[in-house]
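K.L.:
start-v7.pdb is the file, holding PDB, C-alpha atoms:
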MODEL        1
ATOM      1  CA  MET A 284    -138.692 101.495 -89.776
ATOM      2  CA  PRO A 285    -135.886 100.775 -92.158
ATOM      3  CA  LEU A 286    -136.584 100.676 -95.891
ATOM      4  CA  LYS A 287    -135.535  97.645 -97.858
ATOM      5  CA  ILE A 288    -133.624  98.423-100.972
ATOM      6  CA  GLN A 289    -133.486  95.664-103.541
ATOM      7  CA  HIS A 290    -130.469  95.446-105.747
ATOM      8  CA  ASP A 291    -131.054  93.661-109.018
ATOM      9  CA  ASP A 292    -128.286  91.220-109.869
ATOM     10  CA  GLN A 293    -126.597  91.673-113.202
ATOM     11  CA  PRO A 294    -127.904  89.144-115.716
ATOM     12  CA  THR A 295    -125.392  86.401-116.458
ATOM     13  CA  LEU A 296    -125.157  84.044-119.359
ATOM     14  CA  ASN A 297    -125.160  80.385-118.437
ATOM     15  CA  LEU A 298    -122.555  78.671-120.636
ATOM     16  CA  THR A 299    -123.019  75.182-119.229
ATOM     17  CA  PRO A 300    -125.513  73.926-121.889
ATOM     18  CA  MET A 301    -123.383  75.294-124.713
ATOM     19  CA  ILE A 302    -120.256  73.600-123.348
ATOM     20  CA  ASP A 303    -122.189  70.329-123.020
ATOM     21  CA  VAL A 304    -123.261  70.521-126.658
ATOM     22  CA  VAL A 305    -119.694  71.217-127.817
ATOM     23  CA  PHE A 306    -118.374  68.225-125.869
ATOM     24  CA  LEU A 307    -121.095  65.992-127.318
ATOM     25  CA  LEU A 308    -120.200  67.114-130.852
ATOM     26  CA  ILE A 309    -116.520  66.408-130.223
ATOM     27  CA  ILE A 310    -117.335  62.921-128.953
ATOM     28  CA  PHE A 311    -119.643  62.279-131.924
ATOM     29  CA  PHE A 312    -116.990  63.205-134.492
ATOM     30  CA  MET A 313    -114.305  61.205-132.694
ATOM     31  CA  VAL A 314    -116.469  58.084-132.710
ATOM     32  CA  ALA A 315    -117.578  58.599-136.327
ATOM     33  CA  THR A 316    -113.963  58.947-137.443
ATOM     34  CA  LYS A 317    -113.039  55.743-135.690
ATOM     35  CA  PHE A 318    -115.828  53.838-137.476
ATOM     36  CA  THR A 319    -114.656  54.994-140.905
ATOM     37  CA  GLU A 320    -111.124  53.790-140.093
ATOM     38  CA  LEU A 321    -112.481  50.395-139.062
ATOM     39  CA  GLU A 322    -114.602  50.155-142.210
ATOM     40  CA  ARG A 323    -111.535  50.576-144.429
ATOM     41  CA  ASN A 324    -109.790  47.654-142.723
ATOM     42  CA  ILE A 325    -112.583  45.150-143.384
ATOM     43  CA  GLY A 326    -111.406  42.436-145.766
ATOM     44  CA  LEU A 327    -113.744  42.431-148.753
ATOM     45  CA  ASN A 328    -113.655  40.671-152.075
ATOM     46  CA  ILE A 329    -114.475  43.462-154.497
ATOM     47  CA  PRO A 330    -116.459  42.294-157.558
ATOM     48  CA  LYS A 331    -114.601  42.334-160.853
ATOM     49  CA  VAL A 332    -115.961  43.585-164.153
ATOM     50  CA  PRO A 333    -114.612  42.745-167.623
ATOM     51  CA  GLU A 334    -114.127  46.271-169.002
ATOM     52  CA  PRO A 335    -114.733  49.187-166.689
ATOM     53  CA  GLY A 336    -115.844  52.406-168.297
ATOM     54  CA  ALA A 337    -114.115  55.704-167.807
ATOM     55  CA  MET A 338    -114.210  56.819-164.199
ATOM     56  CA  THR A 339    -113.748  60.476-165.045
ATOM     57  CA  ALA A 340    -116.111  62.897-166.671
ATOM     58  CA  PRO A 341    -115.966  63.004-170.469
ATOM     59  CA  PRO A 342    -113.554  65.556-171.868
ATOM     60  CA  ASP A 343    -114.584  68.727-173.580
ATOM     61  CA  LYS A 344    -115.554  68.488-177.208
ATOM     62  CA  ARG A 345    -112.630  68.191-179.599
ATOM     63  CA  VAL A 346    -112.227  71.188-181.890
ATOM     64  CA  VAL A 347    -111.432  70.825-185.588
ATOM     65  CA  GLN A 348    -110.297  74.051-187.240
ATOM     66  CA  LEU A 349    -110.591  74.461-190.995
ATOM     67  CA  TYR A 350    -108.618  77.296-192.564
ATOM     68  CA  ARG A 351    -109.168  79.157-195.806
ATOM     69  CA  ASN A 352    -106.145  77.481-197.434
ATOM     70  CA  GLY A 353    -107.529  73.995-196.629
ATOM     71  CA  THR A 354    -105.360  73.306-193.566
ATOM     72  CA  VAL A 355    -107.046  71.108-190.961
ATOM     73  CA  ARG A 356    -106.088  71.244-187.281
ATOM     74  CA  LEU A 357    -107.307  69.089-184.417
ATOM     75  CA  ASP A 358    -107.033  71.030-181.156
ATOM     76  CA  PHE A 359    -104.518  73.455-182.750
ATOM     77  CA  GLU A 360    -102.315  70.653-184.121
ATOM     78  CA  PRO A 361    -102.093  70.245-187.928
ATOM     79  CA  VAL A 362    -103.409  66.879-189.156
ATOM     80  CA  SER A 363    -104.320  65.217-192.426
ATOM     81  CA  LEU A 364    -107.806  63.791-192.944
ATOM     82  CA  ASP A 365    -106.565  60.237-192.285
ATOM     83  CA  GLN A 366    -104.835  61.350-189.068
ATOM     84  CA  LEU A 367    -108.010  63.172-188.056
ATOM     85  CA  THR A 368    -110.029  59.988-188.487
ATOM     86  CA  GLN A 369    -107.493  57.896-186.571
ATOM     87  CA  ARG A 370    -107.180  60.323-183.656
ATOM     88  CA  LEU A 371    -110.915  60.793-183.301
ATOM     89  CA  ALA A 372    -111.475  57.022-183.482
ATOM     90  CA  SER A 373    -108.886  56.365-180.763
ATOM     91  CA  ALA A 374    -110.345  59.147-178.577
ATOM     92  CA  ARG A 375    -113.811  57.706-179.137
ATOM     93  CA  LYS A 376    -112.649  54.309-177.834
ATOM     94  CA  GLU A 377    -111.993  55.960-174.468
ATOM     95  CA  TYR A 378    -115.175  58.046-174.485
ATOM     96  CA  ALA A 379    -118.012  56.713-176.609
ATOM     97  CA  ASN A 380    -119.942  60.002-176.468
ATOM     98  CA  LEU A 381    -117.060  62.140-177.715
ATOM     99  CA  GLY A 382    -118.229  65.341-179.369
ATOM    100  CA  VAL A 383    -116.554  67.381-182.094
ATOM    101  CA  ILE A 384    -116.943  71.045-182.960
ATOM    102  CA  ILE A 385    -115.983  72.047-186.495
ATOM    103  CA  ARG A 386    -114.834  75.648-186.778
ATOM    104  CA  GLY A 387    -114.348  76.606-190.383
ATOM    105  CA  ASP A 388    -113.319  79.811-192.044
ATOM    106  CA  GLY A 389    -116.226  81.472-193.848
ATOM    107  CA  GLU A 390    -114.173  81.596-197.043
ATOM    108  CA  CYS A 391    -113.255  77.879-196.925
ATOM    109  CA  SER A 392    -114.634  75.719-199.719
ATOM    110  CA  PHE A 393    -117.620  73.569-198.896
ATOM    111  CA  GLN A 394    -115.831  70.558-200.386
ATOM    112  CA  ARG A 395    -113.236  70.722-197.593
ATOM    113  CA  VAL A 396    -115.974  70.991-194.944
ATOM    114  CA  ALA A 397    -117.662  67.923-196.436
ATOM    115  CA  GLU A 398    -114.353  66.005-196.317
ATOM    116  CA  VAL A 399    -113.880  66.865-192.623
ATOM    117  CA  LEU A 400    -117.469  65.840-191.866
ATOM    118  CA  SER A 401    -116.870  62.556-193.681
ATOM    119  CA  ALA A 402    -113.670  61.960-191.674
ATOM    120  CA  CYS A 403    -115.613  62.507-188.448
ATOM    121  CA  ARG A 404    -118.316  60.069-189.574
ATOM    122  CA  ARG A 405    -115.692  57.431-190.429
ATOM    123  CA  ALA A 406    -114.463  57.784-186.834
ATOM    124  CA  ASN A 407    -118.083  57.105-185.721
ATOM    125  CA  VAL A 408    -118.413  60.468-183.993
ATOM    126  CA  GLN A 409    -122.110  60.884-183.230
ATOM    127  CA  GLU A 410    -122.129  64.407-181.851
ATOM    128  CA  LEU A 411    -121.014  66.926-184.460
ATOM    129  CA  ASP A 412    -121.414  70.685-184.157
ATOM    130  CA  ILE A 413    -120.514  73.396-186.619
ATOM    131  CA  ALA A 414    -119.529  76.684-185.023
ATOM    132  CA  VAL A 415    -121.142  79.771-186.528
ATOM    133  CA  GLN A 416    -121.295  83.390-185.523
ATOM    134  CA  PRO A 417    -124.769  84.909-185.545
ATOM    135  CA  THR A 418    -125.219  88.208-187.341
ATOM    136  CA  THR A 419    -127.668  90.922-186.453
ATOM    137  CA  ILE A 420    -130.625  91.304-188.797
ATOM    138  CA  ARG A 421    -131.217  94.878-189.875
TER     139      ARG A 421
ENDMDL
END
Can you dump the structure from the file as C-alpha cells?
P.N.:
Amino acid sequence: MPLKIQHDDQPTLNLTPMIDVVFLLIIFFMVATKFTELERNIGLNIPKVPEPGAMTAPPDKRVVQLYRNGTVRLDFEPVSLDQLTQRLASARKEYANLGVIIRGDGECSFQRVAEVLSACRRANVQELDIAVQPTTIR
C-alpha cells in the first residue's frame, strides 16, 4: 500500500485587496481634485466690506532702545521723540494692538524713560513693556 505524502504549499500573499484599495484612493483623489477646480469657476458676487482689517498676523513688538547718552532708537534706527510718536502712531493704524518693548540702559536717567513712555502714550500704544534683566538674590 503506497503512503501518501502531503506537500504543504508555500504561503502566498494575496495582493488583490491592496491593489483594489489603491485604485479606489486614486479615483477618490482624482474626483476630489476635479470638484475643487469646478468650485473655483463658479461665478460668485463676493460681499464687500468698508475697511478690511489686516489679513496677516500682527508683527512682533516694536523695540525702543534708550542709551545712556539719551539717544533713542526705534528698531535700531535713531529717532527723535516726535518721530517716535509719529512712527508708532502710523504703525498702530495698521495694527491696533501694536506692542512696544522699551529697552533702556540701567544708567539712563529716569526723565528720559518718562519722555519715551509719554511718546508711546501719545501714539496710543496700549501694550507697553519694559525690558529688565533679573538678578540672582544671594
K.L.:
Could you state the separation of atom CA of Gln394 of chain A and atom CA of Asp343 of chain A in Å, given to one decimal place?
P.N.:
26.9 Å
K.L.:
Using the chain letters and numbers from the file, which residues does the PyMOL selection byres ((chain A and resi 416) around 12) grab, as a list of chain:residue names?
P.N.:
A:Arg386, A:Gly387, A:Asp388, A:Gly389, A:Ile413, A:Ala414, A:Val415, A:Pro417, A:Thr418, A:Thr419
K.L.:
Quick one: pull the distance between atom CA of Val408 of chain A and atom CA of Val362 of chain A, Å, one decimal.
P.N.:
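Atom CA of Val362 of chain A lies at a distance of 17.1 Å from atom CA of Val408 of chain A.
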K.L.:
Can you tell me how far atom CA of Leu364 of chain A sits from atom CA of Gln348 of chain A, in Å to one decimal?
P.N.:
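We find that atom CA of Leu364 of chain A and atom CA of Gln348 of chain A lie 12.0 Å from each other.
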K.L.:
Between A:Val314, A:Val396, A:Val383, A:Leu307, which is the closest to Arg351 of chain A once you count all atoms listed in the file?
P.N.:
A:Val396
K.L.:
Return the padded bounding box of segment 394-399 of chain A as JSON: axis-aligned, built from all atoms listed in the file, 8 Å added on each side, with centre and edge lengths in Å to one decimal.
P.N.:
{"center_x": -115.4, "center_y": 68.5, "center_z": -196.5, "size_x": 20.4, "size_y": 21.0, "size_z": 23.8}
K.L.:
Applying the PyMOL selection byres ((chain A and resi 372) around 10) to the file I just gave you, which residues come out? Please list them as an MDAnalysis selection string.
P.N.:
chainID A and resid 366:371 373:379 381 402:408
K.L.:
My list of candidates is A:Ile420, A:Ile385, A:Val304, A:Leu400. Which is closest to Lys344 of chain A when distances are computed with only C-alpha atoms?
P.N.:
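Closest candidate: A:Ile385.
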K.L.:
Using only C-alpha atoms, can you tell me which of A:Ser401, A:Asn297, A:Gln409, A:Thr316 comes closest to Asn380 of chain A?
P.N.:
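Among the listed residues, A:Gln409 lies closest to Asn380 of chain A.
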K.L.:
Would you mind completing segment 385-411 of chain A so that it carries N, CA and C atoms, and writing it out as a PDB file, in the frame of the given file?
P.N.:
ATOM      1  N   ILE A 385    -116.718  71.667-185.290  1.00  0.00           N
ATOM      2  CA  ILE A 385    -115.983  72.047-186.495  1.00  0.00           C
ATOM      3  C   ILE A 385    -116.076  73.558-186.633  1.00  0.00           C
ATOM      4  N   ARG A 386    -114.915  74.194-186.618  1.00  0.00           N
ATOM      5  CA  ARG A 386    -114.834  75.648-186.778  1.00  0.00           C
ATOM      6  C   ARG A 386    -114.141  75.927-188.102  1.00  0.00           C
ATOM      7  N   GLY A 387    -114.900  76.360-189.057  1.00  0.00           N
ATOM      8  CA  GLY A 387    -114.348  76.606-190.383  1.00  0.00           C
ATOM      9  C   GLY A 387    -114.347  78.075-190.734  1.00  0.00           C
ATOM     10  N   ASP A 388    -113.387  78.448-191.520  1.00  0.00           N
ATOM     11  CA  ASP A 388    -113.319  79.811-192.044  1.00  0.00           C
ATOM     12  C   ASP A 388    -114.497  80.012-192.995  1.00  0.00           C
ATOM     13  N   GLY A 389    -115.083  81.186-192.985  1.00  0.00           N
ATOM     14  CA  GLY A 389    -116.226  81.472-193.848  1.00  0.00           C
ATOM     15  C   GLY A 389    -115.885  81.427-195.317  1.00  0.00           C
ATOM     16  N   GLU A 390    -114.613  81.599-195.653  1.00  0.00           N
ATOM     17  CA  GLU A 390    -114.173  81.596-197.043  1.00  0.00           C
ATOM     18  C   GLU A 390    -113.699  80.213-197.485  1.00  0.00           C
ATOM     19  N   CYS A 391    -113.717  79.232-196.605  1.00  0.00           N
ATOM     20  CA  CYS A 391    -113.255  77.879-196.925  1.00  0.00           C
ATOM     21  C   CYS A 391    -114.255  77.216-197.879  1.00  0.00           C
ATOM     22  N   SER A 392    -113.736  76.372-198.766  1.00  0.00           N
ATOM     23  CA  SER A 392    -114.634  75.719-199.719  1.00  0.00           C
ATOM     24  C   SER A 392    -115.488  74.672-199.011  1.00  0.00           C
ATOM     25  N   PHE A 393    -116.694  74.525-199.498  1.00  0.00           N
ATOM     26  CA  PHE A 393    -117.620  73.569-198.896  1.00  0.00           C
ATOM     27  C   PHE A 393    -117.136  72.142-199.098  1.00  0.00           C
ATOM     28  N   GLN A 394    -116.380  71.901-200.129  1.00  0.00           N
ATOM     29  CA  GLN A 394    -115.831  70.558-200.386  1.00  0.00           C
ATOM     30  C   GLN A 394    -114.941  70.133-199.217  1.00  0.00           C
ATOM     31  N   ARG A 395    -114.130  71.053-198.707  1.00  0.00           N
ATOM     32  CA  ARG A 395    -113.236  70.722-197.593  1.00  0.00           C
ATOM     33  C   ARG A 395    -114.047  70.463-196.314  1.00  0.00           C
ATOM     34  N   VAL A 396    -115.097  71.216-196.102  1.00  0.00           N
ATOM     35  CA  VAL A 396    -115.974  70.991-194.944  1.00  0.00           C
ATOM     36  C   VAL A 396    -116.611  69.607-195.042  1.00  0.00           C
ATOM     37  N   ALA A 397    -117.050  69.237-196.235  1.00  0.00           N
ATOM     38  CA  ALA A 397    -117.662  67.923-196.436  1.00  0.00           C
ATOM     39  C   ALA A 397    -116.655  66.807-196.177  1.00  0.00           C
ATOM     40  N   GLU A 398    -115.388  67.014-196.566  1.00  0.00           N
ATOM     41  CA  GLU A 398    -114.353  66.005-196.317  1.00  0.00           C
ATOM     42  C   GLU A 398    -114.096  65.832-194.826  1.00  0.00           C
ATOM     43  N   VAL A 399    -114.082  66.939-194.081  1.00  0.00           N
ATOM     44  CA  VAL A 399    -113.880  66.865-192.623  1.00  0.00           C
ATOM     45  C   VAL A 399    -115.078  66.179-191.964  1.00  0.00           C
ATOM     46  N   LEU A 400    -116.281  66.507-192.403  1.00  0.00           N
ATOM     47  CA  LEU A 400    -117.469  65.840-191.866  1.00  0.00           C
ATOM     48  C   LEU A 400    -117.423  64.341-192.141  1.00  0.00           C
ATOM     49  N   SER A 401    -116.982  63.968-193.331  1.00  0.00           N
ATOM     50  CA  SER A 401    -116.870  62.556-193.681  1.00  0.00           C
ATOM     51  C   SER A 401    -115.820  61.861-192.812  1.00  0.00           C
ATOM     52  N   ALA A 402    -114.706  62.537-192.536  1.00  0.00           N
ATOM     53  CA  ALA A 402    -113.670  61.960-191.674  1.00  0.00           C
ATOM     54  C   ALA A 402    -114.206  61.740-190.265  1.00  0.00           C
ATOM     55  N   CYS A 403    -115.006  62.659-189.781  1.00  0.00           N
ATOM     56  CA  CYS A 403    -115.613  62.507-188.448  1.00  0.00           C
ATOM     57  C   CYS A 403    -116.606  61.348-188.435  1.00  0.00           C
ATOM     58  N   ARG A 404    -117.357  61.181-189.490  1.00  0.00           N
ATOM     59  CA  ARG A 404    -118.316  60.069-189.574  1.00  0.00           C
ATOM     60  C   ARG A 404    -117.592  58.726-189.650  1.00  0.00           C
ATOM     61  N   ARG A 405    -116.470  58.671-190.367  1.00  0.00           N
ATOM     62  CA  ARG A 405    -115.692  57.431-190.429  1.00  0.00           C
ATOM     63  C   ARG A 405    -115.152  57.049-189.048  1.00  0.00           C
ATOM     64  N   ALA A 406    -114.923  58.046-188.199  1.00  0.00           N
ATOM     65  CA  ALA A 406    -114.463  57.784-186.834  1.00  0.00           C
ATOM     66  C   ALA A 406    -115.637  57.467-185.907  1.00  0.00           C
ATOM     67  N   ASN A 407    -116.844  57.400-186.461  1.00  0.00           N
ATOM     68  CA  ASN A 407    -118.083  57.105-185.721  1.00  0.00           C
ATOM     69  C   ASN A 407    -118.393  58.136-184.645  1.00  0.00           C
ATOM     70  N   VAL A 408    -118.059  59.388-184.914  1.00  0.00           N
ATOM     71  CA  VAL A 408    -118.413  60.468-183.993  1.00  0.00           C
ATOM     72  C   VAL A 408    -119.889  60.774-184.196  1.00  0.00           C
ATOM     73  N   GLN A 409    -120.660  60.687-183.127  1.00  0.00           N
ATOM     74  CA  GLN A 409    -122.110  60.884-183.230  1.00  0.00           C
ATOM     75  C   GLN A 409    -122.522  62.330-182.999  1.00  0.00           C
ATOM     76  N   GLU A 410    -121.746  63.031-182.193  1.00  0.00           N
ATOM     77  CA  GLU A 410    -122.129  64.407-181.851  1.00  0.00           C
ATOM     78  C   GLU A 410    -121.232  65.387-182.582  1.00  0.00           C
ATOM     79  N   LEU A 411    -121.756  65.964-183.639  1.00  0.00           N
ATOM     80  CA  LEU A 411    -121.014  66.926-184.460  1.00  0.00           C
ATOM     81  C   LEU A 411    -121.694  68.282-184.381  1.00  0.00           C
TER      82      LEU A 411
END
